[in-house]
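Participant: Handing over input_23.tsv, TSV, N, CA and C atoms and all ligand atoms.
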chain	number	residue	atom	x	y	z
A	1	MET	N	-8.63	-13.86	19.87
A	1	MET	CA	-9.66	-13.66	20.89
A	1	MET	C	-9.00	-13.11	22.15
A	2	ALA	N	-9.64	-12.15	22.78
A	2	ALA	CA	-9.11	-11.60	24.02
A	2	ALA	C	-9.09	-12.68	25.08
A	3	MET	N	-8.00	-12.74	25.82
A	3	MET	CA	-7.86	-13.78	26.83
A	3	MET	C	-8.33	-13.23	28.17
A	4	ARG	N	-9.39	-13.82	28.71
A	4	ARG	CA	-9.87	-13.39	30.02
A	4	ARG	C	-9.15	-14.21	31.06
A	5	LYS	N	-8.19	-13.56	31.73
A	5	LYS	CA	-7.32	-14.27	32.65
A	5	LYS	C	-8.09	-14.90	33.81
A	6	ASP	N	-9.17	-14.24	34.24
A	6	ASP	CA	-9.90	-14.76	35.40
A	6	ASP	C	-10.61	-16.07	35.11
A	7	ALA	N	-10.79	-16.39	33.81
A	7	ALA	CA	-11.48	-17.61	33.45
A	7	ALA	C	-10.54	-18.82	33.42
A	8	TYR	N	-9.27	-18.59	33.61
A	8	TYR	CA	-8.28	-19.66	33.58
A	8	TYR	C	-7.90	-20.08	34.99
A	9	PRO	N	-7.47	-21.35	35.16
A	9	PRO	CA	-7.02	-21.76	36.50
A	9	PRO	C	-5.79	-20.95	36.92
A	10	ALA	N	-5.59	-20.83	38.23
A	10	ALA	CA	-4.48	-20.02	38.75
A	10	ALA	C	-3.13	-20.53	38.24
A	11	ASN	N	-3.00	-21.84	38.03
A	11	ASN	CA	-1.72	-22.40	37.59
A	11	ASN	C	-1.68	-22.62	36.07
A	12	TRP	N	-2.46	-21.81	35.33
A	12	TRP	CA	-2.54	-22.00	33.88
A	12	TRP	C	-1.18	-21.91	33.19
A	13	GLU	N	-0.35	-20.94	33.58
A	13	GLU	CA	0.97	-20.78	32.97
A	13	GLU	C	1.76	-22.09	33.03
A	14	GLU	N	1.70	-22.72	34.21
A	14	GLU	CA	2.42	-23.97	34.45
A	14	GLU	C	1.86	-25.10	33.58
A	15	ILE	N	0.53	-25.18	33.53
A	15	ILE	CA	-0.12	-26.22	32.71
A	15	ILE	C	0.24	-26.00	31.25
A	16	SER	N	0.10	-24.76	30.79
A	16	SER	CA	0.37	-24.42	29.40
A	16	SER	C	1.81	-24.77	29.03
A	17	ARG	N	2.74	-24.44	29.91
A	17	ARG	CA	4.16	-24.73	29.66
A	17	ARG	C	4.40	-26.24	29.58
A	18	ARG	N	3.78	-26.99	30.48
A	18	ARG	CA	3.95	-28.45	30.46
A	18	ARG	C	3.43	-29.04	29.15
A	19	ILE	N	2.24	-28.58	28.72
A	19	ILE	CA	1.67	-29.12	27.48
A	19	ILE	C	2.56	-28.75	26.29
A	20	ARG	N	2.98	-27.49	26.20
A	20	ARG	CA	3.76	-27.04	25.03
A	20	ARG	C	5.14	-27.67	24.96
A	21	TYR	N	5.82	-27.77	26.11
A	21	TYR	CA	7.22	-28.19	26.05
A	21	TYR	C	7.44	-29.64	26.44
A	22	GLU	N	6.76	-30.12	27.52
A	22	GLU	CA	7.00	-31.51	27.92
A	22	GLU	C	6.22	-32.46	27.03
A	23	ARG	N	4.93	-32.22	26.86
A	23	ARG	CA	4.15	-33.17	26.09
A	23	ARG	C	4.39	-33.02	24.59
A	24	ALA	N	4.31	-31.77	24.10
A	24	ALA	CA	4.41	-31.56	22.65
A	24	ALA	C	5.85	-31.43	22.17
A	25	GLY	N	6.80	-31.38	23.09
A	25	GLY	CA	8.20	-31.26	22.69
A	25	GLY	C	8.49	-29.97	21.93
A	26	GLY	N	7.70	-28.91	22.21
A	26	GLY	CA	7.95	-27.62	21.57
A	26	GLY	C	7.53	-27.57	20.11
A	27	LYS	N	6.63	-28.47	19.71
A	27	LYS	CA	6.14	-28.46	18.32
A	27	LYS	C	4.62	-28.44	18.30
A	28	CYS	N	4.08	-27.81	17.26
A	28	CYS	CA	2.63	-27.82	17.09
A	28	CYS	C	2.15	-29.26	17.00
A	29	GLU	N	1.14	-29.59	17.80
A	29	GLU	CA	0.69	-30.98	17.83
A	29	GLU	C	-0.15	-31.35	16.60
A	30	TRP	N	-0.50	-30.36	15.78
A	30	TRP	CA	-1.24	-30.68	14.57
A	30	TRP	C	-0.37	-30.67	13.32
A	31	CYS	N	0.49	-29.64	13.17
A	31	CYS	CA	1.27	-29.55	11.92
A	31	CYS	C	2.76	-29.75	12.13
A	32	GLY	N	3.21	-29.83	13.39
A	32	GLY	CA	4.61	-30.11	13.66
A	32	GLY	C	5.54	-28.91	13.61
A	33	ALA	N	5.01	-27.71	13.37
A	33	ALA	CA	5.86	-26.52	13.28
A	33	ALA	C	6.55	-26.28	14.63
A	34	PRO	N	7.87	-26.04	14.61
A	34	PRO	CA	8.63	-25.85	15.86
A	34	PRO	C	8.49	-24.45	16.43
A	35	ASN	N	8.27	-24.38	17.77
A	35	ASN	CA	8.07	-23.10	18.45
A	35	ASN	C	9.28	-22.19	18.31
A	36	ASP	N	9.03	-20.89	18.28
A	36	ASP	CA	10.09	-19.88	18.36
A	36	ASP	C	11.07	-20.00	17.19
A	37	THR	N	10.58	-20.45	16.06
A	37	THR	CA	11.41	-20.72	14.89
A	37	THR	C	10.73	-20.10	13.68
A	38	TYR	N	11.52	-19.58	12.75
A	38	TYR	CA	10.93	-19.03	11.52
A	38	TYR	C	10.65	-20.16	10.54
A	39	ILE	N	9.41	-20.17	10.04
A	39	ILE	CA	9.03	-21.11	9.00
A	39	ILE	C	8.33	-20.32	7.89
A	40	ARG	N	8.17	-20.93	6.74
A	40	ARG	CA	7.29	-20.34	5.73
A	40	ARG	C	6.41	-21.43	5.17
A	41	ARG	N	5.18	-21.04	4.87
A	41	ARG	CA	4.18	-22.01	4.44
A	41	ARG	C	3.99	-21.98	2.94
A	42	ASN	N	3.63	-23.14	2.43
A	42	ASN	CA	3.43	-23.30	0.99
A	42	ASN	C	2.11	-22.66	0.58
A	43	ARG	N	2.14	-21.91	-0.53
A	43	ARG	CA	0.94	-21.21	-0.97
A	43	ARG	C	-0.16	-22.15	-1.43
A	44	VAL	N	0.22	-23.25	-2.08
A	44	VAL	CA	-0.79	-24.19	-2.60
A	44	VAL	C	-1.38	-25.01	-1.46
A	45	ASN	N	-0.52	-25.49	-0.56
A	45	ASN	CA	-0.99	-26.26	0.58
A	45	ASN	C	-0.35	-25.72	1.85
A	46	PRO	N	-1.02	-24.74	2.50
A	46	PRO	CA	-0.41	-24.07	3.66
A	46	PRO	C	-0.18	-24.99	4.86
A	47	ALA	N	-0.67	-26.23	4.81
A	47	ALA	CA	-0.34	-27.17	5.87
A	47	ALA	C	1.14	-27.56	5.77
A	48	LEU	N	1.71	-27.41	4.57
A	48	LEU	CA	3.13	-27.70	4.37
A	48	LEU	C	3.95	-26.49	4.77
A	49	TRP	N	5.06	-26.74	5.46
A	49	TRP	CA	5.95	-25.64	5.84
A	49	TRP	C	7.38	-26.10	5.72
A	50	GLU	N	8.29	-25.13	5.67
A	50	GLU	CA	9.72	-25.45	5.73
A	50	GLU	C	10.38	-24.41	6.61
A	51	LEU	N	11.53	-24.78	7.17
A	51	LEU	CA	12.28	-23.83	7.98
A	51	LEU	C	12.71	-22.68	7.09
A	52	ALA	N	12.72	-21.48	7.65
A	52	ALA	CA	13.02	-20.30	6.85
A	52	ALA	C	13.88	-19.36	7.68
A	53	SER	N	14.35	-18.32	7.02
A	53	SER	CA	15.07	-17.27	7.71
A	53	SER	C	14.17	-16.03	7.65
A	54	PRO	N	14.23	-15.17	8.68
A	54	PRO	CA	13.33	-14.02	8.68
A	54	PRO	C	13.51	-13.12	7.46
A	55	GLU	N	14.68	-13.20	6.82
A	55	GLU	CA	14.95	-12.35	5.65
A	55	GLU	C	14.38	-12.93	4.36
A	56	ASP	N	13.95	-14.18	4.38
A	56	ASP	CA	13.44	-14.79	3.14
A	56	ASP	C	12.30	-13.97	2.56
A	57	GLU	N	12.34	-13.73	1.27
A	57	GLU	CA	11.27	-12.99	0.60
A	57	GLU	C	10.19	-13.97	0.16
A	58	PRO	N	8.92	-13.55	0.26
A	58	PRO	CA	7.87	-14.42	-0.28
A	58	PRO	C	8.04	-14.58	-1.78
A	59	ASP	N	7.65	-15.70	-2.30
A	59	ASP	CA	7.73	-15.90	-3.75
A	59	ASP	C	6.50	-16.66	-4.21
A	60	ALA	N	6.53	-17.14	-5.46
A	60	ALA	CA	5.36	-17.78	-6.04
A	60	ALA	C	4.96	-19.03	-5.26
A	61	GLN	N	5.96	-19.68	-4.64
A	61	GLN	CA	5.70	-20.95	-3.97
A	61	GLN	C	5.45	-20.78	-2.47
A	62	TRP	N	6.13	-19.81	-1.84
A	62	TRP	CA	6.11	-19.70	-0.39
A	62	TRP	C	5.61	-18.33	0.08
A	63	TYR	N	4.86	-18.35	1.18
A	63	TYR	CA	4.45	-17.11	1.84
A	63	TYR	C	5.64	-16.53	2.61
A	64	ARG	N	5.45	-15.30	3.09
A	64	ARG	CA	6.42	-14.61	3.94
A	64	ARG	C	6.71	-15.46	5.19
A	65	PRO	N	7.97	-15.48	5.66
A	65	PRO	CA	8.28	-16.25	6.87
A	65	PRO	C	7.56	-15.70	8.10
A	66	ILE	N	7.19	-16.59	8.99
A	66	ILE	CA	6.60	-16.18	10.27
A	66	ILE	C	7.32	-16.91	11.39
A	67	LYS	N	7.30	-16.32	12.57
A	67	LYS	CA	7.90	-16.97	13.74
A	67	LYS	C	6.79	-17.73	14.45
A	68	VAL	N	6.99	-19.01	14.65
A	68	VAL	CA	5.97	-19.85	15.28
A	68	VAL	C	5.89	-19.55	16.77
A	69	MET	N	4.66	-19.35	17.25
A	69	MET	CA	4.42	-19.16	18.67
A	69	MET	C	3.34	-20.12	19.12
A	70	LEU	N	3.73	-21.13	19.87
A	70	LEU	CA	2.75	-22.12	20.33
A	70	LEU	C	1.88	-21.54	21.43
A	71	THR	N	0.59	-21.82	21.35
A	71	THR	CA	-0.33	-21.52	22.43
A	71	THR	C	-1.16	-22.77	22.67
A	72	VAL	N	-1.87	-22.82	23.79
A	72	VAL	CA	-2.62	-24.02	24.12
A	72	VAL	C	-4.10	-23.81	23.84
A	73	HIS	N	-4.63	-24.68	23.01
A	73	HIS	CA	-6.03	-24.65	22.59
A	73	HIS	C	-6.87	-25.56	23.47
A	74	HIS	N	-8.08	-25.10	23.83
A	74	HIS	CA	-9.05	-25.95	24.52
A	74	HIS	C	-9.95	-26.58	23.47
A	75	ILE	N	-9.85	-27.88	23.32
A	75	ILE	CA	-10.54	-28.58	22.22
A	75	ILE	C	-12.05	-28.66	22.45
A	76	GLY	N	-12.44	-28.85	23.71
A	76	GLY	CA	-13.87	-29.01	24.01
A	76	GLY	C	-14.33	-30.46	23.88
A	77	VAL	N	-13.47	-31.41	24.25
A	77	VAL	CA	-13.87	-32.82	24.19
A	77	VAL	C	-14.89	-33.12	25.30
A	78	ASP	N	-15.78	-34.07	25.00
A	78	ASP	CA	-16.81	-34.43	25.97
A	78	ASP	C	-16.19	-34.92	27.28
A	79	LYS	N	-16.94	-34.71	28.37
A	79	LYS	CA	-16.50	-35.17	29.69
A	79	LYS	C	-16.68	-36.69	29.77
A	80	PRO	N	-15.94	-37.33	30.70
A	80	PRO	CA	-16.06	-38.80	30.83
A	80	PRO	C	-17.50	-39.25	31.11
A	81	ASP	N	-18.29	-38.40	31.76
A	81	ASP	CA	-19.68	-38.78	32.07
A	81	ASP	C	-20.64	-38.50	30.89
A	82	GLY	N	-20.08	-38.07	29.76
A	82	GLY	CA	-20.91	-37.84	28.58
A	82	GLY	C	-21.38	-36.41	28.40
A	83	THR	N	-21.14	-35.55	29.41
A	83	THR	CA	-21.47	-34.13	29.27
A	83	THR	C	-20.69	-33.55	28.09
A	84	PRO	N	-21.37	-32.79	27.21
A	84	PRO	CA	-20.62	-32.21	26.09
A	84	PRO	C	-19.52	-31.27	26.55
A	85	GLY	N	-18.39	-31.30	25.87
A	85	GLY	CA	-17.30	-30.39	26.18
A	85	GLY	C	-17.62	-28.99	25.71
A	86	ASP	N	-16.83	-28.01	26.15
A	86	ASP	CA	-17.08	-26.61	25.79
A	86	ASP	C	-15.72	-25.93	25.62
A	87	ARG	N	-15.46	-25.44	24.39
A	87	ARG	CA	-14.18	-24.78	24.12
A	87	ARG	C	-14.01	-23.51	24.94
A	88	HIS	N	-15.13	-22.92	25.39
A	88	HIS	CA	-15.03	-21.69	26.18
A	88	HIS	C	-14.69	-21.96	27.64
A	89	ASP	N	-14.79	-23.23	28.05
A	89	ASP	CA	-14.51	-23.58	29.45
A	89	ASP	C	-13.00	-23.72	29.64
A	90	LYS	N	-12.37	-22.60	30.04
A	90	LYS	CA	-10.91	-22.59	30.15
A	90	LYS	C	-10.44	-23.26	31.44
A	91	LEU	N	-11.40	-23.64	32.28
A	91	LEU	CA	-11.03	-24.37	33.51
A	91	LEU	C	-10.93	-25.87	33.24
A	92	ASP	N	-11.37	-26.31	32.08
A	92	ASP	CA	-11.28	-27.73	31.73
A	92	ASP	C	-9.88	-28.00	31.17
A	93	VAL	N	-8.96	-28.35	32.08
A	93	VAL	CA	-7.56	-28.51	31.69
A	93	VAL	C	-7.14	-29.98	31.70
A	94	ARG	N	-8.12	-30.86	31.45
A	94	ARG	CA	-7.75	-32.27	31.26
A	94	ARG	C	-6.79	-32.35	30.07
A	95	ASP	N	-5.78	-33.20	30.19
A	95	ASP	CA	-4.79	-33.31	29.11
A	95	ASP	C	-5.44	-33.54	27.76
A	96	GLU	N	-6.46	-34.38	27.71
A	96	GLU	CA	-7.09	-34.72	26.43
A	96	GLU	C	-7.90	-33.56	25.87
A	97	ASN	N	-8.12	-32.52	26.68
A	97	ASN	CA	-8.87	-31.36	26.21
A	97	ASN	C	-7.94	-30.24	25.70
A	98	LEU	N	-6.63	-30.46	25.80
A	98	LEU	CA	-5.68	-29.41	25.46
A	98	LEU	C	-4.81	-29.84	24.28
A	99	ALA	N	-4.46	-28.87	23.44
A	99	ALA	CA	-3.54	-29.13	22.33
A	99	ALA	C	-2.62	-27.93	22.17
A	100	ALA	N	-1.32	-28.20	22.06
A	100	ALA	CA	-0.34	-27.14	21.80
A	100	ALA	C	-0.36	-26.87	20.30
A	101	LEU	N	-0.72	-25.64	19.91
A	101	LEU	CA	-0.89	-25.34	18.49
A	101	LEU	C	-0.14	-24.08	18.08
A	102	CYS	N	0.30	-24.06	16.83
A	102	CYS	CA	0.88	-22.86	16.24
A	102	CYS	C	-0.27	-21.88	15.94
A	103	GLN	N	0.08	-20.65	15.54
A	103	GLN	CA	-0.94	-19.63	15.29
A	103	GLN	C	-1.97	-20.11	14.25
A	104	ARG	N	-1.45	-20.72	13.18
A	104	ARG	CA	-2.35	-21.08	12.08
A	104	ARG	C	-3.33	-22.18	12.51
A	105	CYS	N	-2.81	-23.22	13.16
A	105	CYS	CA	-3.70	-24.31	13.59
A	105	CYS	C	-4.69	-23.81	14.64
A	106	HIS	N	-4.23	-22.90	15.53
A	106	HIS	CA	-5.13	-22.37	16.56
A	106	HIS	C	-6.25	-21.54	15.91
A	107	LEU	N	-5.89	-20.76	14.89
A	107	LEU	CA	-6.90	-19.97	14.18
A	107	LEU	C	-7.95	-20.88	13.56
A	108	PHE	N	-7.48	-21.95	12.91
A	108	PHE	CA	-8.43	-22.86	12.27
A	108	PHE	C	-9.28	-23.60	13.30
A	109	ALA	N	-8.68	-23.93	14.44
A	109	ALA	CA	-9.41	-24.66	15.47
A	109	ALA	C	-10.59	-23.83	15.99
A	110	ASP	N	-10.41	-22.51	16.02
A	110	ASP	CA	-11.46	-21.62	16.55
A	110	ASP	C	-12.09	-20.78	15.46
A	111	LEU	N	-11.94	-21.20	14.21
A	111	LEU	CA	-12.40	-20.37	13.09
A	111	LEU	C	-13.88	-20.02	13.20
A	112	ASP	N	-14.71	-20.99	13.57
A	112	ASP	CA	-16.15	-20.71	13.68
A	112	ASP	C	-16.43	-19.66	14.76
A	113	ILE	N	-15.65	-19.70	15.84
A	113	ILE	CA	-15.82	-18.70	16.90
A	113	ILE	C	-15.41	-17.32	16.39
A	114	HIS	N	-14.27	-17.26	15.66
A	114	HIS	CA	-13.82	-15.97	15.11
A	114	HIS	C	-14.86	-15.40	14.15
A	115	ILE	N	-15.43	-16.26	13.33
A	115	ILE	CA	-16.44	-15.81	12.36
A	115	ILE	C	-17.67	-15.29	13.09
A	116	GLU	N	-18.11	-16.00	14.12
A	116	GLU	CA	-19.28	-15.58	14.88
A	116	GLU	C	-19.01	-14.25	15.61
A	117	ASN	N	-17.81	-14.11	16.21
A	117	ASN	CA	-17.48	-12.85	16.88
A	117	ASN	C	-17.48	-11.69	15.89
A	118	ALA	N	-16.90	-11.92	14.71
A	118	ALA	CA	-16.83	-10.86	13.70
A	118	ALA	C	-18.25	-10.47	13.26
A	119	ARG	N	-19.11	-11.47	13.12
A	119	ARG	CA	-20.50	-11.22	12.72
A	119	ARG	C	-21.21	-10.36	13.77
A	120	GLN	N	-20.99	-10.70	15.04
A	120	GLN	CA	-21.64	-9.94	16.12
A	120	GLN	C	-21.09	-8.51	16.19
A	121	THR	N	-19.78	-8.36	15.96
A	121	THR	CA	-19.19	-7.02	15.96
A	121	THR	C	-19.79	-6.18	14.85
A	122	ARG	N	-19.90	-6.77	13.64
A	122	ARG	CA	-20.48	-6.03	12.51
A	122	ARG	C	-21.92	-5.63	12.81
A	123	ARG	N	-22.68	-6.57	13.40
A	123	ARG	CA	-24.08	-6.28	13.70
A	123	ARG	C	-24.19	-5.16	14.74
A	124	ALA	N	-23.34	-5.22	15.78
A	124	ALA	CA	-23.37	-4.18	16.81
A	124	ALA	C	-23.07	-2.82	16.21
A	125	LYS	N	-22.07	-2.78	15.29
A	125	LYS	CA	-21.71	-1.51	14.65
A	125	LYS	C	-22.87	-0.98	13.79
A	126	ARG	N	-23.51	-1.91	13.06
A	126	ARG	CA	-24.66	-1.52	12.23
A	126	ARG	C	-25.77	-0.95	13.10
A	127	GLU	N	-26.07	-1.64	14.20
A	127	GLU	CA	-27.15	-1.18	15.07
A	127	GLU	C	-26.81	0.17	15.68
A	128	GLN	N	-25.53	0.33	16.05
A	128	GLN	CA	-25.12	1.60	16.66
A	128	GLN	C	-25.24	2.74	15.66
A	129	SER	N	-24.79	2.50	14.42
A	129	SER	CA	-24.86	3.60	13.46
A	129	SER	C	-26.30	3.87	13.06
A	130	ALA	N	-27.15	2.83	13.03
A	130	ALA	CA	-28.57	3.05	12.76
A	130	ALA	C	-29.20	3.90	13.87
A	131	GLN	N	-28.79	3.55	15.11
A	131	GLN	CA	-29.30	4.28	16.27
A	131	GLN	C	-28.84	5.74	16.21
A	132	GLU	N	-27.55	5.94	15.87
A	132	GLU	CA	-27.01	7.29	15.82
A	132	GLU	C	-27.71	8.13	14.74
A	133	SER	N	-27.93	7.50	13.56
A	133	SER	CA	-28.58	8.28	12.50
A	133	SER	C	-30.04	8.55	12.87
A	134	GLY	N	-30.65	7.61	13.64
A	134	GLY	CA	-32.01	7.84	14.14
A	134	GLY	C	-32.05	9.01	15.10
A	135	GLN	N	-31.03	9.07	15.97
A	135	GLN	CA	-30.96	10.19	16.92
A	135	GLN	C	-30.74	11.50	16.20
A	136	MET	N	-29.91	11.46	15.14
A	136	MET	CA	-29.63	12.65	14.37
A	136	MET	C	-30.92	13.25	13.79
A	137	ARG	N	-31.79	12.35	13.34
A	137	ARG	CA	-33.01	12.83	12.69
A	137	ARG	C	-33.92	13.57	13.67
A	138	LEU	N	-33.78	13.30	14.97
A	138	LEU	CA	-34.62	13.98	15.94
A	138	LEU	C	-34.28	15.46	16.05
A	139	PHE	N	-33.05	15.83	15.66
A	139	PHE	CA	-32.65	17.23	15.85
A	139	PHE	C	-32.75	18.06	14.58
B	1	ZN	ZN	0.23	-26.00	13.52
Re-express the file's structure as C-alpha cells.
Ligand SMILES: [Zn+2]
Facilitator:
Amino acid sequence: MAMRKDAYPANWEEISRRIRYERAGGKCEWCGAPNDTYIRRNRVNPALWELASPEDEPDAQWYRPIKVMLTVHHIGVDKPDGTPGDRHDKLDVRDENLAALCQRCHLFADLDIHIENARQTRRAKREQSAQESGQMRLF
C-alpha cells in the first residue's frame, strides 16, 4: 500500500524505530523472523522459517530466500473509551495498536485491504475501458 506520509505523526520514524528495535528486539512480533536477515520459508507451512543464505536455491521443501524487512503495522485495536479502532488511522500510535512485522505477516495483517484495493482497481479499469469503447462508438 502506498504510504501517505502526511497521515503519519511527525515523529513516526522515531516511534517506528522504537517499536521495531527496542520493543520487538529486531524480530517480527508474530513469526519471530529477524530483521535484515535472509530466511527461507517452508512450502507446506510458510509460518515456519529457517535462516538462509541469499545463494540458497529453492527446493521441494523451501521457498527462495528473502531478506526480512520489519515494518510497523497499525492493528486497529479499539480505543480505551470503546470507540472502534481503525487500521487506516496512522496517527493512532498507542503501543498496543502497533506491531513490528515482517513482510509476510504485514501482508496477511492487511490482506482484506489489499484484496479490496485490487477489486477497486479492477473495477476502475473496467469502467474506464467501457467508457473509452463507448466514446469510440460515437465517432
Ligand atoms: Zn512475521
Participant: For a test of reading the model, state the distance in Å between atom CA of A:Cys28 and atom N of A:Ala100, rounded to one decimal.
Facilitator: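 Separation of atom CA of A:Cys28 and atom N of A:Ala100: 6.4 Å.
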Participant: I'd like the interatomic distance between atom CA of A:Asp112 and atom CA of A:Gly76, to a tenth of an Å.
Facilitator: 13.4 Å
Participant: Within 8 Å of ligand ZN 1 (chain B), counting all atoms listed in the file: which residues, as a tab-separated table (two decimals) with N, CA and C atoms, keeping the file's coordinate frame?
Facilitator:
chain	number	residue	atom	x	y	z
A	27	LYS	N	6.63	-28.47	19.71
A	27	LYS	CA	6.14	-28.46	18.32
A	27	LYS	C	4.62	-28.44	18.30
A	28	CYS	N	4.08	-27.81	17.26
A	28	CYS	CA	2.63	-27.82	17.09
A	28	CYS	C	2.15	-29.26	17.00
A	29	GLU	N	1.14	-29.59	17.80
A	29	GLU	CA	0.69	-30.98	17.83
A	29	GLU	C	-0.15	-31.35	16.60
A	30	TRP	N	-0.50	-30.36	15.78
A	30	TRP	CA	-1.24	-30.68	14.57
A	30	TRP	C	-0.37	-30.67	13.32
A	31	CYS	N	0.49	-29.64	13.17
A	31	CYS	CA	1.27	-29.55	11.92
A	31	CYS	C	2.76	-29.75	12.13
A	32	GLY	N	3.21	-29.83	13.39
A	32	GLY	CA	4.61	-30.11	13.66
A	32	GLY	C	5.54	-28.91	13.61
A	33	ALA	N	5.01	-27.71	13.37
A	33	ALA	CA	5.86	-26.52	13.28
A	33	ALA	C	6.55	-26.28	14.63
A	34	PRO	N	7.87	-26.04	14.61
A	34	PRO	CA	8.63	-25.85	15.86
A	34	PRO	C	8.49	-24.45	16.43
A	47	ALA	N	-0.67	-26.23	4.81
A	47	ALA	CA	-0.34	-27.17	5.87
A	47	ALA	C	1.14	-27.56	5.77
A	100	ALA	N	-1.32	-28.20	22.06
A	100	ALA	CA	-0.34	-27.14	21.80
A	100	ALA	C	-0.36	-26.87	20.30
A	101	LEU	N	-0.72	-25.64	19.91
A	101	LEU	CA	-0.89	-25.34	18.49
A	101	LEU	C	-0.14	-24.08	18.08
A	102	CYS	N	0.30	-24.06	16.83
A	102	CYS	CA	0.88	-22.86	16.24
A	102	CYS	C	-0.27	-21.88	15.94
A	103	GLN	N	0.08	-20.65	15.54
A	103	GLN	CA	-0.94	-19.63	15.29
A	103	GLN	C	-1.97	-20.11	14.25
A	104	ARG	N	-1.45	-20.72	13.18
A	104	ARG	CA	-2.35	-21.08	12.08
A	104	ARG	C	-3.33	-22.18	12.51
A	105	CYS	N	-2.81	-23.22	13.16
A	105	CYS	CA	-3.70	-24.31	13.59
A	105	CYS	C	-4.69	-23.81	14.64
A	106	HIS	N	-4.23	-22.90	15.53
A	106	HIS	CA	-5.13	-22.37	16.56
A	106	HIS	C	-6.25	-21.54	15.91
Participant: Would you list, as JSON, numbers by chain, the residues of stretch 1-137 of chain A that end up in alpha helix (DSSP H) under DSSP run on this structure's backbone?
Facilitator: {"A": [12, 13, 14, 15, 16, 17, 103, 104, 105, 106, 107, 108, 109, 111, 112, 113, 114, 115, 116, 117, 118, 119, 120, 121, 122, 123, 124, 125, 126, 127, 128, 129, 130, 131, 132, 133, 134, 135, 136, 137]}
Participant: So, counting only C-alpha atoms, which residue among A:Ile39, A:Val72, A:Val44, A:Ala52 is closest to A:Ile15?
Facilitator: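 Of A:Ile39, A:Val72, A:Val44, A:Ala52, the one nearest A:Ile15, counting only C-alpha atoms, is A:Val72.
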Participant: Compile the contact shell of A:Asn35 as a count of residues only: residues with an atom at most 7 Å away, counting all atoms listed in the file, same-chain residues fewer than 5 positions apart removed.
Facilitator: 8
Participant: Excluding A:Leu91 and any residue of its chain fewer than 2 positions from it, enumerate the residues within 6 Å of it, using only C-alpha atoms, and give them as a PyMOL selection string.
Facilitator: chain A and resi 8-9+89+93
Participant: If I take atom CA of A:Lys90 and atom C of A:Ala7, how far is one from the other in Å, to one decimal?
Facilitator: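 Atom C of A:Ala7 lies at a distance of 5.0 Å from atom CA of A:Lys90.
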Participant: Which residues are close to A:Asn97, i.e. within 7 Å by only N, CA and C atoms, leaving aside same-chain residues fewer than 3 positions away? Reply as a compact mmCIF listing (two decimals) with N, CA and C atoms, in the frame of the given file.
Facilitator:
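Written out: selection-v9.txt:
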# COMPACT_ATOMS: atom_id res chain seq x y z
N HIS A 73 -4.63 -24.68 23.01
CA HIS A 73 -6.03 -24.65 22.59
C HIS A 73 -6.87 -25.56 23.47
N HIS A 74 -8.08 -25.10 23.83
CA HIS A 74 -9.05 -25.95 24.52
C HIS A 74 -9.95 -26.58 23.47
N ILE A 75 -9.85 -27.88 23.32
CA ILE A 75 -10.54 -28.58 22.22
C ILE A 75 -12.05 -28.66 22.45
N GLY A 76 -12.44 -28.85 23.71
CA GLY A 76 -13.87 -29.01 24.01
C GLY A 76 -14.33 -30.46 23.88
N VAL A 77 -13.47 -31.41 24.25
CA VAL A 77 -13.87 -32.82 24.19
C VAL A 77 -14.89 -33.12 25.30
N ASP A 92 -11.37 -26.31 32.08
CA ASP A 92 -11.28 -27.73 31.73
C ASP A 92 -9.88 -28.00 31.17
N VAL A 93 -8.96 -28.35 32.08
CA VAL A 93 -7.56 -28.51 31.69
C VAL A 93 -7.14 -29.98 31.70
N ARG A 94 -8.12 -30.86 31.45
CA ARG A 94 -7.75 -32.27 31.26
C ARG A 94 -6.79 -32.35 30.07
Participant: Hey, which of A:Asn45, A:Thr71, A:Ser53, A:Ser129 ends up closest to A:Trp12? Count only C-alpha atoms.
Facilitator: A:Thr71
Participant: Stretch 94-109 of chain A, all listed atoms, 5 Å padding on each side: what axis-aligned box centre and edge lengths in Å to one decimal come out, as JSON?
Facilitator:
{"center_x": -4.9, "center_y": -27.2, "center_z": 21.8, "size_x": 21.5, "size_y": 25.1, "size_z": 29.4}
Participant: Mind listing the strand (DSSP E or B) residues of stretch 8-133 of chain A, per DSSP on the backbone, as number ranges by chain?
Facilitator: A: 27, 34, 38-42, 49-51, 62, 66-67, 71-74, 98-101
Participant: For stretch 9-17 of chain A of the block above, can you save N, CA and C atoms as a tab-separated table (two decimals), in the first residue's frame?
Facilitator:
chain	number	residue	atom	x	y	z
A	9	PRO	N	2.25	10.68	12.19
A	9	PRO	CA	2.76	11.73	13.07
A	9	PRO	C	4.16	12.17	12.64
A	10	ALA	N	4.53	13.40	12.99
A	10	ALA	CA	5.83	13.95	12.57
A	10	ALA	C	6.98	13.09	13.07
A	11	ASN	N	6.83	12.47	14.25
A	11	ASN	CA	7.93	11.67	14.81
A	11	ASN	C	7.75	10.17	14.53
A	12	TRP	N	7.06	9.85	13.41
A	12	TRP	CA	6.78	8.45	13.10
A	12	TRP	C	8.05	7.60	12.99
A	13	GLU	N	9.09	8.12	12.33
A	13	GLU	CA	10.34	7.37	12.18
A	13	GLU	C	10.86	6.90	13.53
A	14	GLU	N	10.82	7.83	14.50
A	14	GLU	CA	11.31	7.55	15.85
A	14	GLU	C	10.44	6.49	16.54
A	15	ILE	N	9.12	6.64	16.40
A	15	ILE	CA	8.20	5.66	17.00
A	15	ILE	C	8.42	4.30	16.38
A	16	SER	N	8.48	4.27	15.05
A	16	SER	CA	8.65	3.03	14.32
A	16	SER	C	9.95	2.33	14.73
A	17	ARG	N	11.01	3.10	14.85
A	17	ARG	CA	12.31	2.54	15.24
A	17	ARG	C	12.24	1.96	16.66
